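Novice: Here it is, the structure in full.
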Amino acid sequence: MIYYIGAFLLIAIGLYAIIIKKNLIKILIGLDLIASGTNLLIVSIGYVKGGTAPIFSKGNILAKMMVDPVPQALTLTAIVIGASELALAAAFVVILYRHYGTLDIKKIRSLKW
Amino acid sequence: MIYASWLLIIAMIVLAILSIEFKDLIAAVVAMGAVSLIISLLFLFLQAPDVAMAEASIGAALTMAIYIIVVRKTERREK
Amino acid sequence: MIRKITYGIFLGIIVLSLILFFAAFPFGKNKMAVGKYYLKNDINQTGAANVVTAVTLDYRGFDTLGEVTVLFAAATGVAILFYVLEEDKKKRERQVYPNFVVRVGSRIIFPFILLFGSYIFIHGHLTPGGGFQGGSIIASGFLLLYLAYPGERVNRSKLSVVEGIAGITFAGLGLWGLFTQGNSFLFNFLPKGQLNMIFSAGILPIIYIAIGFKVASEFAGIVDDMMCEAVCSGGEK
């Protein structure tokens, strides 16, 4: 239950960074916080109280006492995709800095609102 | 166990707030890496060892390296 | 001001969805039906001890193929963006060489990192871990080498060959299962073997090894693009 609250707080903080902050790297950090919070939320949906990890490592571990494997499999791919997208976004930030000489989105004119 | 998860989540929220409030961008990025590390511990508490390994090796190592390279190539202070 | 109002609206949406979440998914209670089905039929249908591996590669294998494709597209995008910048010769940054301990220590540690990463993706169907984790561990080993020896580069054409062979292995196994054995993409045509042995679960270990090589070469390429743009401008792509 505390996991839900923590994940939603992470999403709220990341959204704050994206909307209020004006530095491009802070915006990237906000995107990463939102991704982490979403991953934590999805994994905590699959948790079963008192469950074990979904691995048949011994004969006496039955399928009945395992946690849900589907959210874990989804999150596994989401983490890798998130990292590669972040690398692409970081490349865009470097190019914007080369072009405009600043990281402030107020000064990069087409992003002002 | 349950108190450990409470403590970790409170530390995670504090680090997340610090990571968007630090003026020094390197410090902000290191705080972000600490958030990823704590999240990987929470995945371990949630009985997801696969996801915990992925988050620890990708989120806390490679992502932080990419951020630090970007900060080095641009500017370090947020004005 | 308009930013604060927008954030307030979004914060309201977040709090509302938190309340709805508590109502819809109570924490730690029931599993989804599809999760129960996978857990019940995993040993008979795939033979992998790690159910997360079975879901990632067997039940949702097509999804994973698309995910690897997204990773390839992102790595190519990073390479393209930095290739354009290579034309205008920017200022050369000051080269800082690390000290003796870092250089020699990284040489000693690097084979063990490779060994650890390969252990993780070879045993992906038995223990926690797999291609994504092992591949990223190997890529962080390459990152260590870049930090210890700035100015040196990996051979990009060999990385591309490794990446291509890994991708062809994944898609080729899927197509082989589709056309010759069963009538579905990524049909598991090898024998299932005994549970918890290393030669078990049919084609799943082969696919995870291919994914490990592919993820390792993609992330090493991304790190190479970023690092080399930072310290050694004007290198050959």
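A note on labels: chains of the structure tokens are A, B, ... as shown, every chain counts residues from 1, and ligands are counted from 1 in their shown order.
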Applying 12 Å and only C-alpha atoms, which residues near Leu24 (chain A) remain after dropping the ones on its own chain fewer than 6 positions away? List them as an MDAnalysis selection string.

Specialist: (chainID A and resid 17:18 30:31 89:97 102:108 111) or (chainID B and resid 20 25 67 70:71 74:79)

Novice: Report as JSON lines the residues of chain A within 8 Å of chain C, each with its shortest atom pair and distance in Å (one decimal), using only C-alpha atoms, ordered by chain and increasing residue number.

Specialist:
{"residue": "A:Met1", "atom": "CA", "partner": "C:Phe27", "partner_atom": "CA", "distance": 5.5}
{"residue": "A:Tyr4", "atom": "CA", "partner": "C:Leu18", "partner_atom": "CA", "distance": 7.7}
{"residue": "A:Ile5", "atom": "CA", "partner": "C:Leu18", "partner_atom": "CA", "distance": 7.7}
{"residue": "A:Phe8", "atom": "CA", "partner": "C:Leu18", "partner_atom": "CA", "distance": 7.0}
{"residue": "A:Ala12", "atom": "CA", "partner": "C:Leu11", "partner_atom": "CA", "distance": 6.6}
{"residue": "A:Leu15", "atom": "CA", "partner": "C:Tyr7", "partner_atom": "CA", "distance": 7.5}
{"residue": "A:Tyr16", "atom": "CA", "partner": "C:Tyr7", "partner_atom": "CA", "distance": 6.7}
{"residue": "A:Ile19", "atom": "CA", "partner": "C:Arg3", "partner_atom": "CA", "distance": 6.2}
{"residue": "A:Ile20", "atom": "CA", "partner": "C:Arg3", "partner_atom": "CA", "distance": 6.2}
{"residue": "A:Ser44", "atom": "CA", "partner": "C:Phe27", "partner_atom": "CA", "distance": 7.5}
{"residue": "A:Ile45", "atom": "CA", "partner": "C:Phe27", "partner_atom": "CA", "distance": 6.6}
{"residue": "A:Gly46", "atom": "CA", "partner": "C:Lys31", "partner_atom": "CA", "distance": 6.6}
{"residue": "A:Tyr47", "atom": "CA", "partner": "C:Gly28", "partner_atom": "CA", "distance": 5.1}
{"residue": "A:Val48", "atom": "CA", "partner": "C:Gly28", "partner_atom": "CA", "distance": 4.1}
{"residue": "A:Lys49", "atom": "CA", "partner": "C:Gly28", "partner_atom": "CA", "distance": 4.7}
{"residue": "A:Pro54", "atom": "CA", "partner": "C:Val51", "partner_atom": "CA", "distance": 5.6}
{"residue": "A:Ile55", "atom": "CA", "partner": "C:Asn50", "partner_atom": "CA", "distance": 4.4}
{"residue": "A:Phe56", "atom": "CA", "partner": "C:Ala49", "partner_atom": "CA", "distance": 4.8}
{"residue": "A:Ser57", "atom": "CA", "partner": "C:Ala49", "partner_atom": "CA", "distance": 6.5}
{"residue": "A:Ala63", "atom": "CA", "partner": "C:Leu39", "partner_atom": "CA", "distance": 5.7}
{"residue": "A:Val67", "atom": "CA", "partner": "C:Lys31", "partner_atom": "CA", "distance": 7.5}
{"residue": "A:Asp68", "atom": "CA", "partner": "C:Gly35", "partner_atom": "CA", "distance": 5.4}
{"residue": "A:Pro69", "atom": "CA", "partner": "C:Val52", "partner_atom": "CA", "distance": 5.5}
{"residue": "A:Val70", "atom": "CA", "partner": "C:Gly35", "partner_atom": "CA", "distance": 5.8}
{"residue": "A:Gln72", "atom": "CA", "partner": "C:Val52", "partner_atom": "CA", "distance": 6.7}
{"residue": "A:Ala73", "atom": "CA", "partner": "C:Val52", "partner_atom": "CA", "distance": 5.4}
{"residue": "A:Leu74", "atom": "CA", "partner": "C:Thr56", "partner_atom": "CA", "distance": 7.7}
{"residue": "A:Thr77", "atom": "CA", "partner": "C:Glu67", "partner_atom": "CA", "distance": 6.9}
{"residue": "A:Val80", "atom": "CA", "partner": "C:Phe132", "partner_atom": "CA", "distance": 7.2}
{"residue": "A:Ile81", "atom": "CA", "partner": "C:Leu71", "partner_atom": "CA", "distance": 6.3}
{"residue": "A:Ser84", "atom": "CA", "partner": "C:Ala74", "partner_atom": "CA", "distance": 5.9}
{"residue": "A:Glu85", "atom": "CA", "partner": "C:Ala74", "partner_atom": "CA", "distance": 6.3}
{"residue": "A:Ala87", "atom": "CA", "partner": "C:Val78", "partner_atom": "CA", "distance": 7.2}
{"residue": "A:Leu88", "atom": "CA", "partner": "C:Val78", "partner_atom": "CA", "distance": 5.5}
{"residue": "A:Ala91", "atom": "CA", "partner": "C:Val78", "partner_atom": "CA", "distance": 6.1}
{"residue": "A:Phe92", "atom": "CA", "partner": "C:Leu81", "partner_atom": "CA", "distance": 7.6}
{"residue": "A:Ile95", "atom": "CA", "partner": "C:Leu81", "partner_atom": "CA", "distance": 7.8}

Novice: Measuring between only C-alpha atoms, which one of B:Leu44, B:Ile39, B:Leu62, B:Ser57 shows the shortest distance to Ala220 (chain C)?

Specialist: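 The closest residue to Ala220 (chain C) is B:Leu62.
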
Novice: Got a sec to pull out which chain B residues are within 8 Å of chain A, counting only C-alpha atoms, and send them as number ranges by chain?

Specialist: B: 6, 9-10, 13, 16-17, 19-20, 25, 29, 32, 36, 39, 43, 46-51, 54-55, 58-59, 62-63, 66-67, 70-71, 73-75, 78

Novice: Could you turn the residues from that selection into a file that holds N, CA, C and O atoms, as a tab-separated table (two decimals), in the first residue's frame?

Specialist:
chain	number	residue	atom	x	y	z
B	6	TRP	N	9.10	1.16	4.44
B	6	TRP	CA	8.66	2.54	4.73
B	6	TRP	C	9.86	3.49	4.68
B	6	TRP	O	9.80	4.54	4.03
B	9	ILE	N	11.11	4.06	1.16
B	9	ILE	CA	10.25	4.89	0.32
B	9	ILE	C	10.37	6.36	0.72
B	9	ILE	O	10.44	7.25	-0.14
B	10	ILE	N	10.47	6.61	2.04
B	10	ILE	CA	10.64	8.01	2.46
B	10	ILE	C	11.96	8.56	1.94
B	10	ILE	O	12.03	9.68	1.40
B	13	ILE	N	11.62	9.37	-1.77
B	13	ILE	CA	10.90	10.60	-2.08
B	13	ILE	C	11.79	11.81	-1.80
B	13	ILE	O	11.87	12.77	-2.60
B	16	ALA	N	14.29	12.13	-4.50
B	16	ALA	CA	13.70	12.61	-5.75
B	16	ALA	C	13.48	14.11	-5.71
B	16	ALA	O	13.78	14.83	-6.68
B	17	ILE	N	13.00	14.62	-4.55
B	17	ILE	CA	12.82	16.07	-4.43
B	17	ILE	C	14.17	16.78	-4.52
B	17	ILE	O	14.31	17.80	-5.21
B	19	SER	N	16.78	15.75	-6.10
B	19	SER	CA	17.35	15.65	-7.44
B	19	SER	C	16.76	16.67	-8.38
B	19	SER	O	17.39	17.00	-9.38
B	20	ILE	N	15.53	17.16	-8.12
B	20	ILE	CA	15.06	18.22	-9.00
B	20	ILE	C	15.27	19.59	-8.40
B	20	ILE	O	15.00	20.58	-9.05
B	25	LEU	N	24.13	20.32	-11.30
B	25	LEU	CA	23.47	19.24	-12.05
B	25	LEU	C	24.11	17.90	-11.80
B	25	LEU	O	23.44	16.87	-11.86
B	29	VAL	N	22.10	14.56	-10.68
B	29	VAL	CA	22.17	13.28	-11.38
B	29	VAL	C	22.53	12.15	-10.42
B	29	VAL	O	21.97	11.05	-10.50
B	32	MET	N	19.53	11.22	-8.58
B	32	MET	CA	18.66	10.40	-9.43
B	32	MET	C	19.13	8.95	-9.47
B	32	MET	O	18.32	8.01	-9.41
B	36	SER	N	17.18	5.42	-8.33
B	36	SER	CA	17.10	4.17	-9.09
B	36	SER	C	17.55	2.98	-8.25
B	36	SER	O	16.95	1.90	-8.30
B	39	ILE	N	14.89	2.09	-5.81
B	39	ILE	CA	13.78	1.43	-6.48
B	39	ILE	C	14.14	-0.02	-6.77
B	39	ILE	O	13.29	-0.92	-6.66
B	43	PHE	N	12.05	-3.33	-5.64
B	43	PHE	CA	11.65	-4.44	-6.51
B	43	PHE	C	12.02	-5.77	-5.86
B	43	PHE	O	11.27	-6.75	-5.97
B	46	LEU	N	9.49	-6.60	-3.42
B	46	LEU	CA	8.24	-7.00	-4.07
B	46	LEU	C	8.38	-8.33	-4.78
B	46	LEU	O	7.55	-8.67	-5.62
B	47	GLN	N	9.43	-9.09	-4.50
B	47	GLN	CA	9.66	-10.42	-5.07
B	47	GLN	C	9.80	-10.39	-6.58
B	47	GLN	O	9.24	-11.22	-7.29
B	48	ALA	N	10.54	-9.40	-7.09
B	48	ALA	CA	10.78	-9.34	-8.53
B	48	ALA	C	12.28	-9.26	-8.78
B	48	ALA	O	12.79	-8.19	-9.08
B	49	PRO	N	13.04	-10.35	-8.62
B	49	PRO	CA	14.50	-10.24	-8.73
B	49	PRO	C	14.98	-9.92	-10.15
B	49	PRO	O	15.97	-9.21	-10.30
B	50	ASP	N	14.23	-10.37	-11.17
B	50	ASP	CA	14.62	-10.05	-12.54
B	50	ASP	C	14.61	-8.55	-12.77
B	50	ASP	O	15.58	-7.95	-13.27
B	51	VAL	N	13.49	-7.93	-12.38
B	51	VAL	CA	13.35	-6.49	-12.58
B	51	VAL	C	14.36	-5.73	-11.74
B	51	VAL	O	14.90	-4.70	-12.16
B	54	ALA	N	17.63	-5.74	-13.57
B	54	ALA	CA	17.60	-4.84	-14.73
B	54	ALA	C	17.69	-3.39	-14.28
B	54	ALA	O	18.44	-2.60	-14.84
B	55	GLU	N	16.95	-3.04	-13.23
B	55	GLU	CA	16.95	-1.65	-12.77
B	55	GLU	C	18.32	-1.27	-12.20
B	55	GLU	O	18.81	-0.17	-12.42
B	58	ILE	N	20.82	-1.18	-15.41
B	58	ILE	CA	20.53	-0.19	-16.45
B	58	ILE	C	20.22	1.17	-15.82
B	58	ILE	O	20.84	2.17	-16.14
B	59	GLY	N	19.27	1.18	-14.88
B	59	GLY	CA	18.83	2.47	-14.35
B	59	GLY	C	19.88	3.16	-13.52
B	59	GLY	O	20.02	4.38	-13.56
B	62	LEU	N	24.05	2.55	-16.28
B	62	LEU	CA	24.20	3.09	-17.64
B	62	LEU	C	23.52	4.45	-17.78
B	62	LEU	O	24.08	5.37	-18.37
B	63	THR	N	22.31	4.58	-17.20
B	63	THR	CA	21.59	5.84	-17.32
B	63	THR	C	22.36	6.98	-16.67
B	63	THR	O	22.48	8.08	-17.21
B	66	ILE	N	25.21	8.06	-18.81
B	66	ILE	CA	24.78	8.89	-19.93
B	66	ILE	C	24.49	10.32	-19.46
B	66	ILE	O	24.92	11.30	-20.08
B	67	TYR	N	23.81	10.44	-18.29
B	67	TYR	CA	23.53	11.77	-17.76
B	67	TYR	C	24.82	12.53	-17.49
B	67	TYR	O	24.93	13.72	-17.80
B	70	VAL	N	26.39	13.81	-20.56
B	70	VAL	CA	25.66	14.96	-21.11
B	70	VAL	C	25.95	16.22	-20.31
B	70	VAL	O	26.18	17.30	-20.87
B	71	VAL	N	25.98	16.09	-18.97
B	71	VAL	CA	26.27	17.28	-18.15
B	71	VAL	C	27.68	17.79	-18.45
B	71	VAL	O	27.93	18.98	-18.51
B	73	LYS	N	29.21	17.59	-21.24
B	73	LYS	CA	29.30	18.22	-22.56
B	73	LYS	C	28.55	19.53	-22.62
B	73	LYS	O	28.76	20.32	-23.52
B	74	THR	N	27.64	19.77	-21.68
B	74	THR	CA	26.90	21.04	-21.70
B	74	THR	C	27.40	21.89	-20.55
B	74	THR	O	28.60	22.13	-20.47
B	75	GLU	N	26.54	22.31	-19.65
B	75	GLU	CA	27.04	23.14	-18.56
B	75	GLU	C	26.58	22.55	-17.23
B	75	GLU	O	25.59	21.85	-17.15
B	78	GLU	N	22.81	25.04	-13.02
B	78	GLU	CA	21.51	25.49	-13.48
B	78	GLU	C	21.36	26.94	-13.03
B	78	GLU	O	21.46	27.25	-11.86

Novice: If I take CA of Ala216 (chain C) and CA of Val162 (chain C), how far is one from the other in Å, to one decimal?

Specialist: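 Distance between the two atoms: 9.5 Å.
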
Novice: So how many Å separate CA of Pro150 (chain C) and CA of Ile69 (chain B), to one decimal?

Specialist: 12.8 Å

Novice: Between C:Pro191, C:Gly124, C:Gly172, C:Gly212, single out the one closest to chain B, counting only C-alpha atoms.

Specialist: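 The shortest atom-to-atom distance to chain B comes from C:Gly124.
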
Novice: CA of Leu204 (chain C) and CA of Ile165 (chain C) are how many Å apart?

Specialist: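 Taking CA of Leu204 (chain C) and CA of Ile165 (chain C), their separation equals 16.8 Å.
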
Novice: As a list in words, list the residues of region 30-87 of chain A assigned to strand (DSSP E or B) by DSSP on the backbone atoms of this structure.

Specialist: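 Of region 30-87 of chain A, only Val48, Thr52, Ile55 and Met66 of chain A fall in strand (DSSP E or B).
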
Novice: Would you mind telling me which residue in B:Leu41, B:Val35, B:Met64, B:Met53 lies nearest to chain C when using only C-alpha atoms?

Specialist: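 Of B:Leu41, B:Val35, B:Met64, B:Met53, the one nearest chain C, counting only C-alpha atoms, is B:Met53.
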